[in-house]
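Asker: First, the structure itself, so that you have it in front of you.
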Amino acid sequence: AYGSGFAIYTQGASALGQADAVIAHTDNPSAIFFNPALINKLEGTQIEAGTTLLFPSQEFKSDITGNTFSTENDVFYPSTLFVTHKFNDKVSAGLGVFNSFGLGTDWGNSWEGRYVATNSELQTFNINPVASYQITPNIAFAAGVDFLLLDTTLEKQINLSPYGISDAGQKFEGDGSGIGYNLGILYDINKDISLGVSYRSEIKVDIDGDATFDLPAGLSTLFPNTRGNADLTLPQQAHMGICYKGIDSLILETGLRWEGWSSFKELKIDLDEPIAGSTTSITEKDWKDTYSMNLGAKYQFNKTFALLAGYLYGGNPIPDKTFDPIVPDSNTHLFTIGTDIQYKKIRI
């Protein structure tokens with residue numbers, strides 16, 4: 001299952017090793033995503049780049065026939081690039097480029113649910129410049145702008161058995177863009193305890209695309225290829241974390257994440273020409289807001305090597321009544337382990 005709906009939280013390997021419990025402490029530029037107020041802690045100019053290889057696997061067992069179907073083998077590689085620069089003791093700035101939403105499912109064209117979905121893909125690119133200001137010695141505030149680009153493909157089969165012929169294929173391909181913003185604040189309560197809070201606004205994306213059909217001869221007038229558009233509102237996201245550094249060589253953080261998935265009420269596609277007599281396709285979603293909690297730890301063995309570990313529990317935004325094979329989500333348990341290895345000016 002894909003935790004957090006179709007949000008992606010692989011914006012840094014070190015952060016992932018701590019189950020993303022990095023809202024109140026950091027030592028790398030991926031803080032641009034998690035809490036940009038933390039970039040005041042980074043000296044000079046720093047660059048971070050990385051990718052994550054994801055191999056999702058889903059399985060469906062039919063209560064009607066007992067048959068089992070699995071998704072096609074696929075690989076996704078959400079990637080990141082972060083750059084930060086500290087101008088002086090007060091001002092720092094940064095730029096992040098990352099995939100904040102996406103992934104997909106490919107069930108093939110012959111499975112039992114082919115009239116609901118066969119292949120579904122979503123990819124986003126977020127370009128996020130930020131600036132951070134050290135208001136007082138123990139309080140920093142940051143703000144940024146999210147320029148988001150989106151590309152999507154939705155495919156399914158059309159049941160034409162009433163006409164005495166085989167299934168037809170339907171595909172909608174579209175792209176769009178939207179603008180949002182993000183905020184962050186860091187409060188160093190004392191030398192051992194820090195509190196961090198960050199927020200990303202919802203982003204409304206206007207998607208323009210094409211609906212096309214793979215049809216038997218003679219049905220093109222009933223299912224014409226046509227232009228179409230859809231609106232998708234990507235959810236708000238808020239993070240809070242509290243970090244403790246009072247134990248020698250050990251950093252502990254715990255926190256909460258809230259995601260405003262109630263913005264995803266329906267998937268509505270408006271078509272320029274009628275398809276089977278209708279110019280609108282509406283799929284009810286009615287998703288709900290979710291909470292997640294996490295705990296992360298970093299132990300610095302020496303100047304070169306650190307061990308990372310974490311746990312995250314994530315809620316499921318999808319109600320039973322609109323559960324479908326496009327995003328088959330569930331409550332999520334995430335267990336993580338990782339390392340930081342420092343060699344001169346390079347960290348792996």
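Just so we're on the same page: first chain in the structure tokens is A, next is B, and so on; residues restart at 1 for each chain, and ligands are numbered from 1 in the order they show up.
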Name all residues at most 12 Å from Lys61 (chain A) (count only C-alpha atoms; drop same-chain ones fewer than 5 positions away) and give them as a PyMOL selection string.

Answerer: chain A and resi 66-71+111-113+325

Asker: Export all heavy atoms of the chosen residues as a PDB file, in the first residue's frame?

Answerer:
```pdb
ATOM      1  N   GLY A  66     -12.277 -15.913  -6.714  1.00  0.00           N
ATOM      2  CA  GLY A  66     -11.125 -16.486  -6.027  1.00  0.00           C
ATOM      3  C   GLY A  66      -9.813 -16.267  -6.760  1.00  0.00           C
ATOM      4  O   GLY A  66      -8.746 -16.652  -6.271  1.00  0.00           O
ATOM      5  N   ASN A  67      -9.878 -15.650  -7.945  1.00  0.00           N
ATOM      6  CA  ASN A  67      -8.661 -15.398  -8.712  1.00  0.00           C
ATOM      7  C   ASN A  67      -7.831 -14.284  -8.067  1.00  0.00           C
ATOM      8  O   ASN A  67      -8.367 -13.379  -7.425  1.00  0.00           O
ATOM      9  CB  ASN A  67      -9.004 -14.996 -10.149  1.00  0.00           C
ATOM     10  CG  ASN A  67      -9.637 -16.144 -10.926  1.00  0.00           C
ATOM     11  OD1 ASN A  67      -9.394 -17.313 -10.617  1.00  0.00           O
ATOM     12  ND2 ASN A  67     -10.458 -15.818 -11.919  1.00  0.00           N
ATOM     13  N   THR A  68      -6.523 -14.356  -8.266  1.00  0.00           N
ATOM     14  CA  THR A  68      -5.600 -13.362  -7.724  1.00  0.00           C
ATOM     15  C   THR A  68      -4.925 -12.620  -8.872  1.00  0.00           C
ATOM     16  O   THR A  68      -4.511 -13.232  -9.863  1.00  0.00           O
ATOM     17  CB  THR A  68      -4.533 -14.025  -6.844  1.00  0.00           C
ATOM     18  OG1 THR A  68      -5.178 -14.656  -5.733  1.00  0.00           O
ATOM     19  CG2 THR A  68      -3.542 -12.994  -6.311  1.00  0.00           C
ATOM     20  N   PHE A  69      -4.845 -11.298  -8.748  1.00  0.00           N
ATOM     21  CA  PHE A  69      -4.207 -10.450  -9.750  1.00  0.00           C
ATOM     22  C   PHE A  69      -3.145  -9.597  -9.065  1.00  0.00           C
ATOM     23  O   PHE A  69      -3.338  -9.148  -7.934  1.00  0.00           O
ATOM     24  CB  PHE A  69      -5.232  -9.545 -10.444  1.00  0.00           C
ATOM     25  CG  PHE A  69      -6.364 -10.279 -11.103  1.00  0.00           C
ATOM     26  CD1 PHE A  69      -7.523 -10.579 -10.390  1.00  0.00           C
ATOM     27  CD2 PHE A  69      -6.277 -10.674 -12.426  1.00  0.00           C
ATOM     28  CE1 PHE A  69      -8.573 -11.251 -10.990  1.00  0.00           C
ATOM     29  CE2 PHE A  69      -7.326 -11.346 -13.035  1.00  0.00           C
ATOM     30  CZ  PHE A  69      -8.483 -11.638 -12.318  1.00  0.00           C
ATOM     31  N   SER A  70      -2.039  -9.344  -9.757  1.00  0.00           N
ATOM     32  CA  SER A  70      -0.958  -8.523  -9.221  1.00  0.00           C
ATOM     33  C   SER A  70      -0.621  -7.407 -10.199  1.00  0.00           C
ATOM     34  O   SER A  70      -0.834  -7.540 -11.414  1.00  0.00           O
ATOM     35  CB  SER A  70       0.301  -9.374  -8.974  1.00  0.00           C
ATOM     36  OG  SER A  70       0.043 -10.396  -8.045  1.00  0.00           O
ATOM     37  N   THR A  71      -0.093  -6.308  -9.666  1.00  0.00           N
ATOM     38  CA  THR A  71       0.339  -5.210 -10.525  1.00  0.00           C
ATOM     39  C   THR A  71       1.591  -5.606 -11.300  1.00  0.00           C
ATOM     40  O   THR A  71       2.365  -6.474 -10.879  1.00  0.00           O
ATOM     41  CB  THR A  71       0.626  -3.956  -9.692  1.00  0.00           C
ATOM     42  OG1 THR A  71       1.508  -4.286  -8.614  1.00  0.00           O
ATOM     43  CG2 THR A  71      -0.650  -3.371  -9.128  1.00  0.00           C
ATOM     44  N   TRP A 111      -7.393  -7.755 -15.938  1.00  0.00           N
ATOM     45  CA  TRP A 111      -7.761  -8.116 -14.564  1.00  0.00           C
ATOM     46  C   TRP A 111      -9.230  -7.777 -14.298  1.00  0.00           C
ATOM     47  O   TRP A 111      -9.894  -7.066 -15.065  1.00  0.00           O
ATOM     48  CB  TRP A 111      -6.821  -7.444 -13.573  1.00  0.00           C
ATOM     49  CG  TRP A 111      -7.121  -6.012 -13.221  1.00  0.00           C
ATOM     50  CD1 TRP A 111      -7.057  -4.924 -14.035  1.00  0.00           C
ATOM     51  CD2 TRP A 111      -7.542  -5.532 -11.941  1.00  0.00           C
ATOM     52  NE1 TRP A 111      -7.402  -3.785 -13.343  1.00  0.00           N
ATOM     53  CE2 TRP A 111      -7.706  -4.137 -12.043  1.00  0.00           C
ATOM     54  CE3 TRP A 111      -7.794  -6.125 -10.704  1.00  0.00           C
ATOM     55  CZ2 TRP A 111      -8.110  -3.345 -10.971  1.00  0.00           C
ATOM     56  CZ3 TRP A 111      -8.186  -5.335  -9.647  1.00  0.00           C
ATOM     57  CH2 TRP A 111      -8.340  -3.959  -9.780  1.00  0.00           C
ATOM     58  N   GLU A 112      -9.744  -8.249 -13.176  1.00  0.00           N
ATOM     59  CA  GLU A 112     -11.172  -8.138 -12.887  1.00  0.00           C
ATOM     60  C   GLU A 112     -11.656  -6.693 -12.755  1.00  0.00           C
ATOM     61  O   GLU A 112     -12.805  -6.376 -13.080  1.00  0.00           O
ATOM     62  CB  GLU A 112     -11.487  -8.912 -11.604  1.00  0.00           C
ATOM     63  CG  GLU A 112     -12.966  -9.065 -11.312  1.00  0.00           C
ATOM     64  CD  GLU A 112     -13.198  -9.997 -10.139  1.00  0.00           C
ATOM     65  OE1 GLU A 112     -12.831 -11.187 -10.243  1.00  0.00           O
ATOM     66  OE2 GLU A 112     -13.733  -9.529  -9.123  1.00  0.00           O
ATOM     67  N   GLY A 113     -10.783  -5.795 -12.288  1.00  0.00           N
ATOM     68  CA  GLY A 113     -11.180  -4.402 -12.086  1.00  0.00           C
ATOM     69  C   GLY A 113     -10.817  -3.485 -13.230  1.00  0.00           C
ATOM     70  O   GLY A 113     -10.657  -2.279 -13.045  1.00  0.00           O
ATOM     71  N   PRO A 325      -8.545   0.701  -6.898  1.00  0.00           N
ATOM     72  CA  PRO A 325      -7.208   0.196  -7.221  1.00  0.00           C
ATOM     73  C   PRO A 325      -6.248   1.256  -7.753  1.00  0.00           C
ATOM     74  O   PRO A 325      -5.079   0.939  -8.005  1.00  0.00           O
ATOM     75  CB  PRO A 325      -7.485  -0.865  -8.293  1.00  0.00           C
ATOM     76  CG  PRO A 325      -8.752  -0.406  -8.951  1.00  0.00           C
ATOM     77  CD  PRO A 325      -9.562   0.216  -7.849  1.00  0.00           C
TER      78      PRO A 325
END
```

Asker: Write out as a PyMOL selection string which residues come within 9 Å of Thr52 (chain A) when counting only C-alpha atoms, dropping same-chain ones fewer than 5 positions away.

Answerer: chain A and resi 10-13+76-80

Asker: Now that the selection is made, can you save its residues with C-alpha atoms as a JSON list (two decimals), in the first residue's frame?

Answerer:
```json
[["chain", "number", "residue", "atom", "x", "y", "z"],
["A", 10, "THR", "CA", 11.76, 10.41, 0.31],
["A", 11, "GLN", "CA", 13.37, 13.87, 0.19],
["A", 12, "GLY", "CA", 16.64, 12.77, 1.80],
["A", 13, "ALA", "CA", 18.32, 9.47, 2.68],
["A", 76, "PHE", "CA", 9.90, 4.69, -9.62],
["A", 77, "TYR", "CA", 12.80, 6.97, -8.73],
["A", 78, "PRO", "CA", 11.71, 10.22, -7.04],
["A", 79, "SER", "CA", 14.81, 12.42, -6.95],
["A", 80, "THR", "CA", 16.01, 15.50, -5.12]]
```

Asker: Quick one: residues within 7 Å of Asp206 (chain A), only C-alpha atoms counted, chain neighbours fewer than 5 positions away excluded, as a ChimeraX atom specification?

Answerer: /A:176-177,230-232

Asker: With a distance cut-off of 12 Å and only C-alpha atoms, select the neighbouring residues of Phe305 (chain A), excluding the residue or stretch itself and same-chain residues fewer than 4 positions from it, and output the selection as a ChimeraX atom specification.

Answerer: /A:249,298-301,338-343,347-348

Asker: Pick from A:Ser62, A:Ser166, A:Thr290, A:Thr51: nearest to Tyr313 (chain A), with only C-alpha atoms counted?

Answerer: A:Thr290

Asker: For region 116-123 of chain A, please output as a PDB file with C-alpha atoms, in the first residue's frame all residues within 10 Å (counting only C-alpha atoms; exclusion window: fewer than 3 positions along the same chain).

Answerer:
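Generated file (result.pdb):
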```pdb
ATOM      1  CA  PHE A   6       0.027   9.695  -3.195  1.00  0.00           C
ATOM      2  CA  THR A  71       0.339  -5.210 -10.525  1.00  0.00           C
ATOM      3  CA  GLU A  72       2.960  -5.189 -13.260  1.00  0.00           C
ATOM      4  CA  PHE A  76       9.897   4.694  -9.621  1.00  0.00           C
ATOM      5  CA  PRO A  78      11.708  10.220  -7.040  1.00  0.00           C
ATOM      6  CA  ASN A  99       9.012  15.135  -6.421  1.00  0.00           C
ATOM      7  CA  SER A 100       6.403  15.777  -3.714  1.00  0.00           C
ATOM      8  CA  PHE A 101       3.484  13.716  -5.108  1.00  0.00           C
ATOM      9  CA  GLY A 102       3.261  10.826  -7.523  1.00  0.00           C
ATOM     10  CA  LEU A 103       3.888   7.122  -8.224  1.00  0.00           C
ATOM     11  CA  GLY A 104       1.416   4.801  -9.975  1.00  0.00           C
ATOM     12  CA  THR A 105      -0.221   1.404 -10.413  1.00  0.00           C
ATOM     13  CA  ASP A 106      -0.376  -0.830 -13.505  1.00  0.00           C
ATOM     14  CA  TRP A 107      -2.808  -3.745 -13.245  1.00  0.00           C
ATOM     15  CA  GLY A 108      -2.764  -4.714 -16.933  1.00  0.00           C
ATOM     16  CA  ASN A 109      -5.773  -4.844 -19.253  1.00  0.00           C
ATOM     17  CA  SER A 110      -7.303  -8.214 -18.335  1.00  0.00           C
ATOM     18  CA  TRP A 111      -7.761  -8.116 -14.564  1.00  0.00           C
ATOM     19  CA  GLU A 112     -11.172  -8.138 -12.887  1.00  0.00           C
ATOM     20  CA  GLY A 113     -11.180  -4.402 -12.086  1.00  0.00           C
ATOM     21  CA  LEU A 149       4.496  20.979 -12.428  1.00  0.00           C
ATOM     22  CA  LEU A 150       2.237  17.928 -12.807  1.00  0.00           C
ATOM     23  CA  ASP A 151       1.853  15.184 -15.404  1.00  0.00           C
ATOM     24  CA  THR A 152      -0.706  12.369 -15.217  1.00  0.00           C
ATOM     25  CA  THR A 153      -2.038   9.379 -17.145  1.00  0.00           C
ATOM     26  CA  LEU A 154      -5.270   7.510 -16.304  1.00  0.00           C
ATOM     27  CA  GLU A 155      -6.236   4.391 -18.248  1.00  0.00           C
ATOM     28  CA  LYS A 156      -9.061   1.876 -18.001  1.00  0.00           C
ATOM     29  CA  GLN A 157     -11.124  -0.467 -20.188  1.00  0.00           C
ATOM     30  CA  ILE A 158     -14.690   0.200 -21.388  1.00  0.00           C
ATOM     31  CA  GLY A 169      -9.353   1.152 -24.159  1.00  0.00           C
ATOM     32  CA  GLN A 170      -9.700   4.648 -22.655  1.00  0.00           C
ATOM     33  CA  LYS A 171      -6.799   6.952 -21.790  1.00  0.00           C
ATOM     34  CA  PHE A 172      -6.631  10.456 -20.350  1.00  0.00           C
ATOM     35  CA  GLU A 173      -3.245  12.188 -20.481  1.00  0.00           C
ATOM     36  CA  GLY A 174      -2.827  15.677 -19.063  1.00  0.00           C
ATOM     37  CA  ASP A 175      -0.476  18.155 -17.455  1.00  0.00           C
ATOM     38  CA  THR A 283     -15.373   9.779  -9.604  1.00  0.00           C
ATOM     39  CA  ASP A 324     -10.192   1.743  -5.434  1.00  0.00           C
ATOM     40  CA  PRO A 325      -7.208   0.196  -7.221  1.00  0.00           C
ATOM     41  CA  ILE A 326      -5.787   3.535  -8.408  1.00  0.00           C
ATOM     42  CA  VAL A 327      -4.374   4.356  -4.942  1.00  0.00           C
TER      43      VAL A 327
END
```

Asker: Skipping near chain neighbours, those fewer than 3 positions away, what residues fall within 9 Å of Thr336 (chain A) using only C-alpha atoms, listed as a list in words?

Answerer: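 Everything that qualifies: Leu16, Gly17, Gln18, Ala19, Gly296, Leu308, Ala309, Gly310, Tyr311 and Leu312 of chain A.
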
Asker: Those same residues, written as a PDB file, in the first residue's frame with N, CA and C atoms?

Answerer:
```
ATOM      1  N   LEU A  16      15.184   9.960   5.773  1.00  0.00           N
ATOM      2  CA  LEU A  16      14.417   8.722   5.716  1.00  0.00           C
ATOM      3  C   LEU A  16      14.938   7.711   6.734  1.00  0.00           C
ATOM      4  N   GLY A  17      16.259   7.684   6.944  1.00  0.00           N
ATOM      5  CA  GLY A  17      16.837   6.792   7.938  1.00  0.00           C
ATOM      6  C   GLY A  17      16.345   7.078   9.341  1.00  0.00           C
ATOM      7  N   GLN A  18      15.875   8.314   9.571  1.00  0.00           N
ATOM      8  CA  GLN A  18      15.313   8.705  10.868  1.00  0.00           C
ATOM      9  C   GLN A  18      13.789   8.797  10.808  1.00  0.00           C
ATOM     10  N   ALA A  19      13.180   8.117   9.837  1.00  0.00           N
ATOM     11  CA  ALA A  19      11.722   8.114   9.652  1.00  0.00           C
ATOM     12  C   ALA A  19      11.175   9.527   9.501  1.00  0.00           C
ATOM     13  N   GLY A 296      12.620   9.287  15.619  1.00  0.00           N
ATOM     14  CA  GLY A 296      13.889   9.047  14.954  1.00  0.00           C
ATOM     15  C   GLY A 296      15.060   9.234  15.900  1.00  0.00           C
ATOM     16  N   LEU A 308      21.567   5.624  12.004  1.00  0.00           N
ATOM     17  CA  LEU A 308      20.243   6.232  12.014  1.00  0.00           C
ATOM     18  C   LEU A 308      19.183   5.144  12.146  1.00  0.00           C
ATOM     19  N   ALA A 309      18.093   5.466  12.838  1.00  0.00           N
ATOM     20  CA  ALA A 309      16.977   4.528  12.940  1.00  0.00           C
ATOM     21  C   ALA A 309      15.702   5.312  13.214  1.00  0.00           C
ATOM     22  N   GLY A 310      14.548   4.716  12.862  1.00  0.00           N
ATOM     23  CA  GLY A 310      13.298   5.415  13.095  1.00  0.00           C
ATOM     24  C   GLY A 310      12.083   4.539  12.888  1.00  0.00           C
ATOM     25  N   TYR A 311      10.940   5.086  13.294  1.00  0.00           N
ATOM     26  CA  TYR A 311       9.644   4.418  13.116  1.00  0.00           C
ATOM     27  C   TYR A 311       8.597   5.492  12.828  1.00  0.00           C
ATOM     28  N   LEU A 312       7.685   5.190  11.897  1.00  0.00           N
ATOM     29  CA  LEU A 312       6.585   6.100  11.580  1.00  0.00           C
ATOM     30  C   LEU A 312       5.302   5.305  11.429  1.00  0.00           C
TER      31      LEU A 312
END
```

Asker: DSSP on the backbone, strand (DSSP E) only: what residues of region 23-54 of chain A does that give? Format it as number ranges by chain.

Answerer: A: 45-51

Asker: Using only C-alpha atoms, pick whichever of A:Leu160, A:Val91, A:Ala143, A:Val75 has the shortest atom-to-atom distance to Leu42 (chain A).

Answerer: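 Nearest to Leu42 (chain A): A:Val91.
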
Asker: Give me, as a list in words, all polymer residues having an atom no more than 6 Å from Cys243 (chain A), counting only C-alpha atoms and skipping those fewer than 3 positions away in the same chain.

Answerer: Ala24, Ile193, Ser194, Leu252 and Glu253 of chain A

Asker: Keeping all heavy atoms, export the residues of the selection given above as a PDB file, in the first residue's frame.

Answerer:
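Listed below is the output, selection13.pdb:
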```pdb
ATOM      1  N   ALA A  24      13.022  19.407  13.715  1.00  0.00           N
ATOM      2  CA  ALA A  24      13.625  20.279  14.723  1.00  0.00           C
ATOM      3  C   ALA A  24      15.142  20.190  14.759  1.00  0.00           C
ATOM      4  O   ALA A  24      15.777  20.833  15.596  1.00  0.00           O
ATOM      5  CB  ALA A  24      13.059  19.955  16.114  1.00  0.00           C
ATOM      6  N   ILE A 193      17.248  21.229  23.743  1.00  0.00           N
ATOM      7  CA  ILE A 193      15.891  20.983  23.261  1.00  0.00           C
ATOM      8  C   ILE A 193      15.515  22.021  22.205  1.00  0.00           C
ATOM      9  O   ILE A 193      15.682  23.225  22.426  1.00  0.00           O
ATOM     10  CB  ILE A 193      14.869  21.019  24.413  1.00  0.00           C
ATOM     11  CG1 ILE A 193      15.222  19.981  25.470  1.00  0.00           C
ATOM     12  CG2 ILE A 193      13.459  20.766  23.885  1.00  0.00           C
ATOM     13  CD1 ILE A 193      14.340  20.025  26.699  1.00  0.00           C
ATOM     14  N   SER A 194      15.005  21.549  21.066  1.00  0.00           N
ATOM     15  CA  SER A 194      14.542  22.428  19.988  1.00  0.00           C
ATOM     16  C   SER A 194      13.148  22.004  19.558  1.00  0.00           C
ATOM     17  O   SER A 194      12.807  20.808  19.573  1.00  0.00           O
ATOM     18  CB  SER A 194      15.489  22.373  18.785  1.00  0.00           C
ATOM     19  OG  SER A 194      16.781  22.814  19.137  1.00  0.00           O
ATOM     20  N   LEU A 252      17.702  12.639  19.486  1.00  0.00           N
ATOM     21  CA  LEU A 252      16.394  12.006  19.437  1.00  0.00           C
ATOM     22  C   LEU A 252      15.358  13.045  19.010  1.00  0.00           C
ATOM     23  O   LEU A 252      15.418  14.198  19.443  1.00  0.00           O
ATOM     24  CB  LEU A 252      15.998  11.452  20.803  1.00  0.00           C
ATOM     25  CG  LEU A 252      16.873  10.343  21.382  1.00  0.00           C
ATOM     26  CD1 LEU A 252      16.472  10.062  22.823  1.00  0.00           C
ATOM     27  CD2 LEU A 252      16.766   9.077  20.536  1.00  0.00           C
ATOM     28  N   GLU A 253      14.423  12.637  18.162  1.00  0.00           N
ATOM     29  CA  GLU A 253      13.324  13.537  17.786  1.00  0.00           C
ATOM     30  C   GLU A 253      12.045  12.740  17.615  1.00  0.00           C
ATOM     31  O   GLU A 253      12.060  11.604  17.120  1.00  0.00           O
ATOM     32  CB  GLU A 253      13.629  14.304  16.493  1.00  0.00           C
ATOM     33  CG  GLU A 253      12.490  15.278  16.111  1.00  0.00           C
ATOM     34  CD  GLU A 253      12.842  16.229  14.983  1.00  0.00           C
ATOM     35  OE1 GLU A 253      14.021  16.633  14.904  1.00  0.00           O
ATOM     36  OE2 GLU A 253      11.944  16.568  14.197  1.00  0.00           O
TER      37      GLU A 253
END
```

Asker: From the set A:Ala168, A:Asp289, A:Leu95, A:Asn73, which residue has the shortest atom-to-atom contact distance to Arg114 (chain A), counting only C-alpha atoms?

Answerer: A:Ala168
